[in-house]
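Inspection log for the structure reproduced underneath, given as structure tokens.
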Amino acid sequence: MDAGIGASLAVAGAWFFWSLCVVGWLGGFFGSTVGWAVVGAWIISGALTLIRPVEDMLARHLLRLRLPTSVERQRMGPGWYQVARRAGVDPNRFTIWIQESEDVNATPTPGHTIAVTRWALYTVPVHHLEAVLAHELSHHLGGRAWLSLLSFWYSIPARATLIAARALGRLMRKIPALGCAVVGFLVMGYTGLVLVVLIFGHGRLWPFLFLTPFIAPPILAWLSRLQVKQADRKTALLGYGTLLVQVLNGWQMQHQNTLGQRGTRRAEFMSGRPALVDRVHVLESVRTY
């Protein structure tokens with residue numbers, strides 16, 4: 001099995017498992033029959049993502065991307081065709097979108113969607129922009145468009161849970177009394193569900209499923225960091241390693257970050273993006289001849 005497909009399957013399986021737990025929990029509140037019907041409908045709905053207009057709709061509304069203007073297409077066009085030629089792929093197979101972000105790289109996108117951040121598009125020179133495009137394309141090399149689309153679709157319930165958890169964390173910092181009250185109520189409810197499962201014996205698997213909110217996030221964060229590093233290696237193998245290092249250095253200088261800065265241990269552990277210094281080490285470790 002190709003290493004890229006193996007990594008994609010690992011990421012897809014982790015996201016699917018946690019999302020299945022979330023959907024199963026939500027559906028279970030309405031009874032066993034309704035719960036299984038909800039799970040079944042959710043699984044079947046993944047087939048819709050394989051329709052190209054649906055993929056574009058996901059890019060626009062869920063990933064919050066926009067199509068480039070004619071001027072932006074002219075700026076990216078020559079570099080994009082050069083990158084595609086080096087990678088040996090059809091440039092018309094993919095659609096390039098713009099992410100309104102000040103990050104150096106866009107969020108990895110599924111299917112035939114490739115995103116470039118507004119910062120990269122308007123800040124870096126054209127030949128450096130080519131390296132950024134190579135990195136974004138590298139997320140798609142060695143994988144399968146249908147697999148990445150299904151992985152993204154089935155990850156939505158888990159991602160929504162993560163967003164809700166982070167929102168609760170921000171609430172606790174801003175309004176400690178209210179935040180602690182909400183979290184306390186959720187913890188008591190969650191503990192009650194776990195006790196019911198343990199006491200009435202719904203099988204050996206169910207207690208393990210209730211641990212997924214604590215196990216899944218660090219695993220998924222590690223897999224996301226691994227994907228970024230793999231894309232960096234592929235970018236270097238395409239011959240853009242040095243240029244991408246220069247882009248990363250330029251980004252950290254503009255944003256007054258320290259290249260080796262990692263933040264707190266918890267932030268590093270839960271982040272889906274590697275530290276810039278780790279990315280530079282990966283890019284510099286690849287030798288092209």
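Chain identifiers are assigned as A, B, and so on, following the order in which chains appear in the structure tokens; residues are numbered from 1 within each chain, and ligands are numbered from 1 in order of appearance.
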
Could the residues of range 50-160 of chain A that have an atom at most 10 Å from range 13-25 of chain A be listed as JSON lines, each with its closest atom pair and the distance in Å to one decimal, counting only C-alpha atoms and ordered by chain and ascending residue number?
```
{"residue": "A:Leu150", "atom": "CA", "partner": "A:Phe16", "partner_atom": "CA", "distance": 9.1}
{"residue": "A:Ser151", "atom": "CA", "partner": "A:Phe16", "partner_atom": "CA", "distance": 7.0}
{"residue": "A:Phe152", "atom": "CA", "partner": "A:Trp15", "partner_atom": "CA", "distance": 8.3}
{"residue": "A:Trp153", "atom": "CA", "partner": "A:Phe16", "partner_atom": "CA", "distance": 8.9}
{"residue": "A:Tyr154", "atom": "CA", "partner": "A:Phe16", "partner_atom": "CA", "distance": 5.4}
{"residue": "A:Ser155", "atom": "CA", "partner": "A:Trp15", "partner_atom": "CA", "distance": 4.9}
{"residue": "A:Ile156", "atom": "CA", "partner": "A:Ser19", "partner_atom": "CA", "distance": 7.2}
{"residue": "A:Pro157", "atom": "CA", "partner": "A:Ser19", "partner_atom": "CA", "distance": 5.1}
{"residue": "A:Ala158", "atom": "CA", "partner": "A:Ser19", "partner_atom": "CA", "distance": 4.6}
{"residue": "A:Arg159", "atom": "CA", "partner": "A:Ser19", "partner_atom": "CA", "distance": 8.2}
{"residue": "A:Ala160", "atom": "CA", "partner": "A:Ser19", "partner_atom": "CA", "distance": 9.3}
```

From the options A:Leu178, A:Val54, A:Leu243, A:Met172, which residue's atoms come nearest to Glu130 in chain A, counting only C-alpha atoms?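 Ranked by minimum distance to Glu130 in chain A, first place goes to A:Leu243.
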
Mind checking which residues fall within 10 Å of Glu100 in chain A, counting only C-alpha atoms, ignoring those fewer than 3 positions away in the same chain, and posting them as a ChimeraX atom specification? /A:64-66,97,103,106,115-119

Based on the selection just made, write C-alpha atoms of those residues as a PDB file, in the first residue's frame.
```
ATOM      1  CA  ARG A  64     -15.145  29.265   4.074  1.00  0.00           C
ATOM      2  CA  LEU A  65     -13.093  29.564   0.883  1.00  0.00           C
ATOM      3  CA  ARG A  66     -13.698  31.839  -2.079  1.00  0.00           C
ATOM      4  CA  TRP A  97      -9.564  28.635  -3.819  1.00  0.00           C
ATOM      5  CA  ASP A 103      -1.157  31.964   7.930  1.00  0.00           C
ATOM      6  CA  ALA A 106      -4.025  27.092   4.187  1.00  0.00           C
ATOM      7  CA  ALA A 115      -6.527  26.527  -1.029  1.00  0.00           C
ATOM      8  CA  VAL A 116      -3.976  29.330  -0.816  1.00  0.00           C
ATOM      9  CA  THR A 117      -4.019  31.887   1.986  1.00  0.00           C
ATOM     10  CA  ARG A 118      -4.494  35.561   1.261  1.00  0.00           C
ATOM     11  CA  TRP A 119      -1.180  36.261   3.021  1.00  0.00           C
TER      12      TRP A 119
END
```

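For the pair CA of Val132 in chain A and CA of Asn105 in chain A, the separation is 7.1 Å.
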
Do a neighbour search on range 120-127 of chain A at 9 Å with only C-alpha atoms, toss out local chain neighbours closer than 6 positions, and write the hits as a ChimeraX atom specification. /A:72,75-76,79,98,101-105,243,247,250-251

Measure the distance from CA of Gln254 in chain A to CA of Val71 in chain A in Å and round it to one decimal.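 Answer for the CA of Gln254 in chain A to CA of Val71 in chain A separation: 24.4 Å.
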
Coordinates-based distance that separates CA of Trp222 in chain A from CA of Glu284 in chain A (Å, one decimal):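 These atoms are spaced 21.1 Å apart.
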
Neighbour list for Ser148 in chain A as a list of chain:residue names, cut-off 9 Å, only C-alpha atoms, skip fewer than 6 positions in-chain: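 With the cut-off at 9 Å, the set is A:Ser8, A:Leu9, A:Ala12, A:Thr109, A:Pro110, A:Gly111, A:His140.
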
Residues as selected, N, CA, C and O atoms, written as a CSV table (one decimal), in the first residue's frame, can you do that?
```csv
chain,number,residue,atom,x,y,z
A,8,SER,N,-3.6,8.5,4.9
A,8,SER,CA,-4.9,9.0,4.7
A,8,SER,C,-5.9,8.1,5.4
A,8,SER,O,-6.9,8.6,6.0
A,9,LEU,N,-5.7,6.8,5.2
A,9,LEU,CA,-6.7,5.8,5.9
A,9,LEU,C,-6.6,5.9,7.4
A,9,LEU,O,-7.7,5.8,8.0
A,12,ALA,N,-8.5,9.1,8.3
A,12,ALA,CA,-9.9,9.0,8.0
A,12,ALA,C,-10.5,8.0,9.1
A,12,ALA,O,-11.6,8.3,9.5
A,109,THR,N,-7.1,20.7,2.4
A,109,THR,CA,-8.4,20.6,1.9
A,109,THR,C,-8.6,19.2,1.2
A,109,THR,O,-7.7,18.6,0.7
A,110,PRO,N,-9.9,18.8,1.2
A,110,PRO,CA,-10.1,17.5,0.6
A,110,PRO,C,-10.4,17.5,-0.9
A,110,PRO,O,-10.6,18.6,-1.5
A,111,GLY,N,-10.5,16.3,-1.5
A,111,GLY,CA,-10.9,16.2,-2.9
A,111,GLY,C,-10.1,16.9,-3.9
A,111,GLY,O,-8.8,16.8,-3.9
A,140,HIS,N,-2.3,16.4,-1.7
A,140,HIS,CA,-3.1,15.5,-2.5
A,140,HIS,C,-2.4,14.4,-3.3
A,140,HIS,O,-3.0,13.6,-3.8
```

From range 103-251 of chain A, collect each residue whose DSSP state is strand (DSSP E or B) and return the set as a PyMOL selection string. chain A and resi 113-117

Selected residues written out, all heavy atoms, as a compact mmCIF listing (two decimals), in the first residue's frame:
```txt
# COMPACT_ATOMS: atom_id res chain seq x y z
N THR A 113 -9.98 20.22 -4.17
CA THR A 113 -9.89 21.60 -3.70
C THR A 113 -8.49 21.90 -3.19
O THR A 113 -7.97 21.18 -2.34
CB THR A 113 -10.91 21.84 -2.56
OG1 THR A 113 -12.23 21.59 -3.07
CG2 THR A 113 -10.82 23.27 -2.06
N ILE A 114 -7.90 22.96 -3.71
CA ILE A 114 -6.60 23.43 -3.24
C ILE A 114 -6.75 24.88 -2.80
O ILE A 114 -7.25 25.71 -3.56
CB ILE A 114 -5.52 23.30 -4.33
CG1 ILE A 114 -5.20 21.83 -4.57
CG2 ILE A 114 -4.26 24.07 -3.94
CD1 ILE A 114 -4.14 21.58 -5.60
N ALA A 115 -6.34 25.19 -1.58
CA ALA A 115 -6.53 26.53 -1.03
C ALA A 115 -5.18 27.20 -0.81
O ALA A 115 -4.20 26.55 -0.43
CB ALA A 115 -7.29 26.46 0.29
N VAL A 116 -5.14 28.49 -1.07
CA VAL A 116 -3.98 29.33 -0.82
C VAL A 116 -4.42 30.48 0.08
O VAL A 116 -5.49 31.06 -0.14
CB VAL A 116 -3.39 29.88 -2.13
CG1 VAL A 116 -2.19 30.78 -1.86
CG2 VAL A 116 -2.98 28.73 -3.04
N THR A 117 -3.63 30.81 1.08
CA THR A 117 -4.02 31.89 1.99
C THR A 117 -3.83 33.25 1.31
O THR A 117 -3.00 33.41 0.42
CB THR A 117 -3.19 31.85 3.28
OG1 THR A 117 -1.81 32.09 2.97
CG2 THR A 117 -3.34 30.52 3.99
```

Closest of A:Cys180, A:Leu137, A:Ala275, A:Ala131 to Thr242 in chain A - atom-to-atom distances counting only C-alpha atoms: A:Ala131

Per DSSP on the backbone, what are the alpha helix (DSSP H) residues of range 13-245 of chain A, as an MDAnalysis selection string? chainID A and resid 13:28 32:44 52:57 70:87 118:123 126:138 145:174 176:200 205:209 212:235 241:245
